[in-house]
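Source file: structure-v7.txt (compact mmCIF, N, CA and C atoms and all ligand atoms)
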# COMPACT_ATOMS: atom_id res chain seq x y z
N MET G 1 48.58 196.90 -36.11
CA MET G 1 49.84 196.17 -35.91
C MET G 1 50.94 196.75 -36.80
N ALA G 2 52.03 197.12 -36.21
CA ALA G 2 53.13 197.70 -36.99
C ALA G 2 54.30 196.74 -37.02
N PHE G 3 54.87 196.63 -38.20
CA PHE G 3 56.05 195.80 -38.35
C PHE G 3 57.27 196.69 -38.53
N PRO G 4 58.43 196.24 -38.13
CA PRO G 4 59.63 197.08 -38.33
C PRO G 4 59.92 197.28 -39.82
N ILE G 5 60.30 198.52 -40.15
CA ILE G 5 60.62 198.85 -41.54
C ILE G 5 62.10 198.57 -41.77
N LYS G 6 62.36 197.77 -42.78
CA LYS G 6 63.73 197.42 -43.13
C LYS G 6 64.04 197.90 -44.53
N VAL G 7 65.32 198.07 -44.85
CA VAL G 7 65.73 198.43 -46.21
C VAL G 7 66.34 197.19 -46.85
N CYS G 8 65.81 196.84 -48.03
CA CYS G 8 66.27 195.63 -48.72
C CYS G 8 67.75 195.76 -49.08
N ALA G 9 68.49 194.68 -48.82
CA ALA G 9 69.92 194.68 -49.12
C ALA G 9 70.19 194.53 -50.61
N VAL G 10 69.18 194.13 -51.37
CA VAL G 10 69.37 193.89 -52.80
C VAL G 10 68.94 195.10 -53.62
N CYS G 11 67.69 195.58 -53.41
CA CYS G 11 67.17 196.66 -54.26
C CYS G 11 67.00 197.97 -53.50
N SER G 12 67.37 198.02 -52.21
CA SER G 12 67.32 199.23 -51.39
C SER G 12 65.91 199.76 -51.19
N GLU G 13 64.89 198.97 -51.43
CA GLU G 13 63.50 199.36 -51.18
C GLU G 13 63.18 199.13 -49.71
N GLU G 14 62.33 200.02 -49.15
CA GLU G 14 61.87 199.80 -47.79
C GLU G 14 60.74 198.78 -47.78
N PHE G 15 60.73 197.94 -46.79
CA PHE G 15 59.65 196.95 -46.69
C PHE G 15 59.39 196.65 -45.23
N GLU G 16 58.17 196.14 -44.95
CA GLU G 16 57.82 195.74 -43.59
C GLU G 16 58.32 194.34 -43.33
N LEU G 17 59.06 194.18 -42.26
CA LEU G 17 59.56 192.85 -41.91
C LEU G 17 58.49 192.12 -41.11
N LYS G 18 57.72 191.31 -41.82
CA LYS G 18 56.68 190.53 -41.15
C LYS G 18 57.27 189.23 -40.64
N PRO G 19 56.75 188.76 -39.49
CA PRO G 19 57.32 187.53 -38.89
C PRO G 19 57.25 186.31 -39.80
N ASP G 20 56.21 186.26 -40.67
CA ASP G 20 56.07 185.08 -41.53
C ASP G 20 56.67 185.28 -42.91
N LYS G 21 57.45 186.36 -43.08
CA LYS G 21 58.05 186.63 -44.39
C LYS G 21 59.08 185.57 -44.73
N PRO G 22 58.94 184.92 -45.89
CA PRO G 22 59.93 183.91 -46.28
C PRO G 22 61.24 184.54 -46.74
N GLY G 23 62.30 183.79 -46.71
CA GLY G 23 63.59 184.27 -47.21
C GLY G 23 64.37 185.06 -46.18
N PHE G 24 65.32 185.84 -46.64
CA PHE G 24 66.22 186.57 -45.76
C PHE G 24 65.51 187.74 -45.09
N ALA G 25 65.91 188.07 -43.86
CA ALA G 25 65.29 189.17 -43.12
C ALA G 25 65.72 190.52 -43.67
N ASN G 26 66.84 190.58 -44.40
CA ASN G 26 67.30 191.86 -44.94
C ASN G 26 66.97 192.01 -46.42
N ARG G 27 65.98 191.21 -46.90
CA ARG G 27 65.56 191.34 -48.30
C ARG G 27 64.06 191.51 -48.37
N CYS G 28 63.60 192.38 -49.29
CA CYS G 28 62.17 192.60 -49.45
C CYS G 28 61.53 191.35 -50.05
N PRO G 29 60.20 191.22 -49.94
CA PRO G 29 59.53 190.01 -50.46
C PRO G 29 59.86 189.73 -51.93
N ALA G 30 59.98 190.77 -52.75
CA ALA G 30 60.26 190.59 -54.18
C ALA G 30 61.64 189.96 -54.39
N CYS G 31 62.61 190.34 -53.55
CA CYS G 31 63.96 189.82 -53.70
C CYS G 31 64.14 188.49 -52.97
N SER G 32 63.11 188.04 -52.26
CA SER G 32 63.17 186.76 -51.57
C SER G 32 62.44 185.66 -52.33
N GLU G 33 61.93 186.02 -53.52
CA GLU G 33 61.17 185.04 -54.30
C GLU G 33 62.03 183.83 -54.63
N PRO G 34 61.46 182.63 -54.52
CA PRO G 34 62.22 181.42 -54.83
C PRO G 34 62.72 181.38 -56.28
N GLU G 35 61.97 182.04 -57.18
CA GLU G 35 62.37 182.06 -58.59
C GLU G 35 63.75 182.69 -58.77
N GLN G 36 64.01 183.73 -57.97
CA GLN G 36 65.30 184.41 -58.06
C GLN G 36 66.43 183.47 -57.67
N VAL G 37 66.21 182.72 -56.60
CA VAL G 37 67.23 181.78 -56.13
C VAL G 37 67.46 180.71 -57.18
N LYS G 38 66.35 180.23 -57.77
CA LYS G 38 66.44 179.18 -58.78
C LYS G 38 67.22 179.66 -59.99
N ALA G 39 66.97 180.91 -60.40
CA ALA G 39 67.66 181.46 -61.56
C ALA G 39 69.16 181.51 -61.34
N VAL G 40 69.57 181.82 -60.13
CA VAL G 40 70.99 181.90 -59.81
C VAL G 40 71.63 180.52 -59.88
N THR G 41 70.95 179.50 -59.33
CA THR G 41 71.52 178.15 -59.34
C THR G 41 71.54 177.58 -60.76
N LYS G 42 70.55 177.99 -61.57
CA LYS G 42 70.48 177.46 -62.93
C LYS G 42 71.68 177.91 -63.75
N THR G 43 72.09 179.16 -63.57
CA THR G 43 73.23 179.66 -64.31
C THR G 43 74.55 179.21 -63.68
N GLY G 44 74.48 178.56 -62.53
CA GLY G 44 75.70 178.09 -61.85
C GLY G 44 76.45 177.08 -62.69
N ILE G 45 75.73 176.15 -63.34
CA ILE G 45 76.38 175.15 -64.20
C ILE G 45 76.19 175.58 -65.65
N ASP G 46 77.28 175.84 -66.35
CA ASP G 46 77.14 176.22 -67.75
C ASP G 46 77.24 174.99 -68.64
N VAL G 47 77.10 175.21 -69.93
CA VAL G 47 77.01 174.10 -70.88
C VAL G 47 78.30 173.27 -70.87
N ASP G 48 79.43 173.95 -70.85
CA ASP G 48 80.72 173.25 -70.86
C ASP G 48 80.85 172.33 -69.66
N GLU G 49 80.44 172.85 -68.52
CA GLU G 49 80.56 172.07 -67.29
C GLU G 49 79.68 170.83 -67.36
N ARG G 50 78.45 171.02 -67.90
CA ARG G 50 77.53 169.90 -68.02
C ARG G 50 78.09 168.85 -68.97
N LYS G 51 78.73 169.30 -70.05
CA LYS G 51 79.32 168.40 -71.04
C LYS G 51 80.46 167.60 -70.40
N THR G 52 81.27 168.27 -69.59
CA THR G 52 82.37 167.59 -68.91
C THR G 52 81.84 166.52 -67.97
N LEU G 53 80.77 166.84 -67.24
CA LEU G 53 80.14 165.89 -66.33
C LEU G 53 79.63 164.68 -67.09
N LYS G 54 79.01 164.94 -68.24
CA LYS G 54 78.45 163.86 -69.06
C LYS G 54 79.56 162.95 -69.56
N GLU G 55 80.65 163.56 -70.01
CA GLU G 55 81.77 162.77 -70.52
C GLU G 55 82.41 161.95 -69.41
N ALA G 56 82.51 162.53 -68.23
CA ALA G 56 83.08 161.81 -67.09
C ALA G 56 82.22 160.61 -66.74
N ASN G 57 80.89 160.80 -66.79
CA ASN G 57 79.96 159.70 -66.49
C ASN G 57 80.09 158.59 -67.53
N GLU G 58 80.22 158.97 -68.79
CA GLU G 58 80.33 157.97 -69.84
C GLU G 58 81.63 157.20 -69.73
N ALA G 59 82.70 157.89 -69.41
CA ALA G 59 84.00 157.24 -69.26
C ALA G 59 83.97 156.25 -68.10
N ARG G 60 83.30 156.64 -67.02
CA ARG G 60 83.20 155.77 -65.85
C ARG G 60 82.36 154.53 -66.19
N ARG G 61 81.28 154.75 -66.93
CA ARG G 61 80.41 153.63 -67.30
C ARG G 61 81.17 152.64 -68.18
N ARG G 62 81.99 153.19 -69.10
CA ARG G 62 82.77 152.35 -70.01
C ARG G 62 83.79 151.54 -69.20
N ALA G 63 84.43 152.18 -68.25
CA ALA G 63 85.44 151.51 -67.42
C ALA G 63 84.80 150.39 -66.62
N MET G 64 83.61 150.63 -66.09
CA MET G 64 82.89 149.61 -65.32
C MET G 64 82.56 148.41 -66.20
N ARG G 65 82.13 148.71 -67.43
CA ARG G 65 81.74 147.65 -68.36
C ARG G 65 82.97 146.80 -68.72
N ASP G 66 84.10 147.47 -68.95
CA ASP G 66 85.34 146.76 -69.27
C ASP G 66 85.73 145.84 -68.12
N LEU G 67 85.55 146.34 -66.92
CA LEU G 67 85.91 145.58 -65.73
C LEU G 67 85.06 144.32 -65.62
N LEU G 68 83.75 144.47 -65.84
CA LEU G 68 82.83 143.33 -65.78
C LEU G 68 83.13 142.33 -66.88
N TYR G 69 83.44 142.87 -68.05
CA TYR G 69 83.71 142.04 -69.21
C TYR G 69 84.95 141.17 -68.97
N ARG G 70 85.96 141.79 -68.37
CA ARG G 70 87.20 141.08 -68.09
C ARG G 70 86.99 139.97 -67.07
N LYS G 71 86.12 140.25 -66.09
CA LYS G 71 85.84 139.27 -65.05
C LYS G 71 85.16 138.02 -65.62
N ASP G 72 84.29 138.25 -66.63
CA ASP G 72 83.54 137.13 -67.21
C ASP G 72 84.43 136.19 -67.99
N SER G 73 85.40 136.72 -68.73
CA SER G 73 86.20 135.88 -69.61
C SER G 73 87.38 135.21 -68.90
ZN ZN L 101 64.41 194.02 -52.70
Please, can you express the file's structure as structure tokens?
Amino acid sequence: MAFPIKVCAVCSEEFELKPDKPGFANRCPACSEPEQVKAVTKTGIDVDERKTLKEANEARRRAMRDLLYRKDS
């Protein structure tokens, strides 16, 4: 059984395009690994961005609490 030979769009390595190959059809199995995708998404949010999100959440929680507190009194 012969599979079509493709050239990986990421590392330019030739690979056999098997029908059950996971990931993109123009990427070799090594470049289609889920770990690679995860690494890219992990670096998507940096520390500053996470800190801003946390502060926004805290501010919203405080505002909600103030609102409830005002309603009670
Ligand atoms: Zn590759």
Inset, instruction - Find the residue from G:Lys54, G:Arg62, G:Arg27, G:Arg70 that sits nearest to ligand ZN 101 (chain L); use all atoms listed in the file when measuring. - result: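 Smallest distance to ligand ZN 101 (chain L) is found for G:Arg27.
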Legend entry - Close residues to ligand ZN 101 (chain L) using all atoms listed in the file, limit 6 Å, as a ChimeraX atom specification: /G:8-13,27-31
Inset, instruction - To one decimal in Å, tell me the separation between atom N of Phe24 in chain G and atom C of Asp46 in chain G. - result: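 These atoms are spaced 27.3 Å apart.
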Inset, instruction - Once DSSP has gone over the backbone, tell me which residues of range 8-70 of chain G are in alpha helix (DSSP H), as a PyMOL selection string. - result: chain G and resi 34-42+47-70
Legend entry - Atomic separation - CA of Asp66 in chain G relative to CA of Arg50 in chain G, Å: 24.5 Å
Legend entry - Distance of CA of Pro22 in chain G from atom C of Ala2 in chain G, expressed in Å to one decimal place: 16.8 Å
Inset, instruction - Return as a ChimeraX atom specification the full set of residues in chain G whose backbone-based DSSP assignment is strand (DSSP E or B). - result: /G:5-7,14-16
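If all atoms listed in the file are the atoms counted, then among G:Phe3, G:Lys71, G:Arg65, G:Glu58 the closest residue to Phe15 in chain G is G:Phe3.
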Legend entry - Selection: 7 Å around Pro4 in chain G, only N, CA and C atoms, excl. self and same-chain fewer than 3 positions, as JSON, numbers by chain: {"G": [15, 16, 17, 18]}
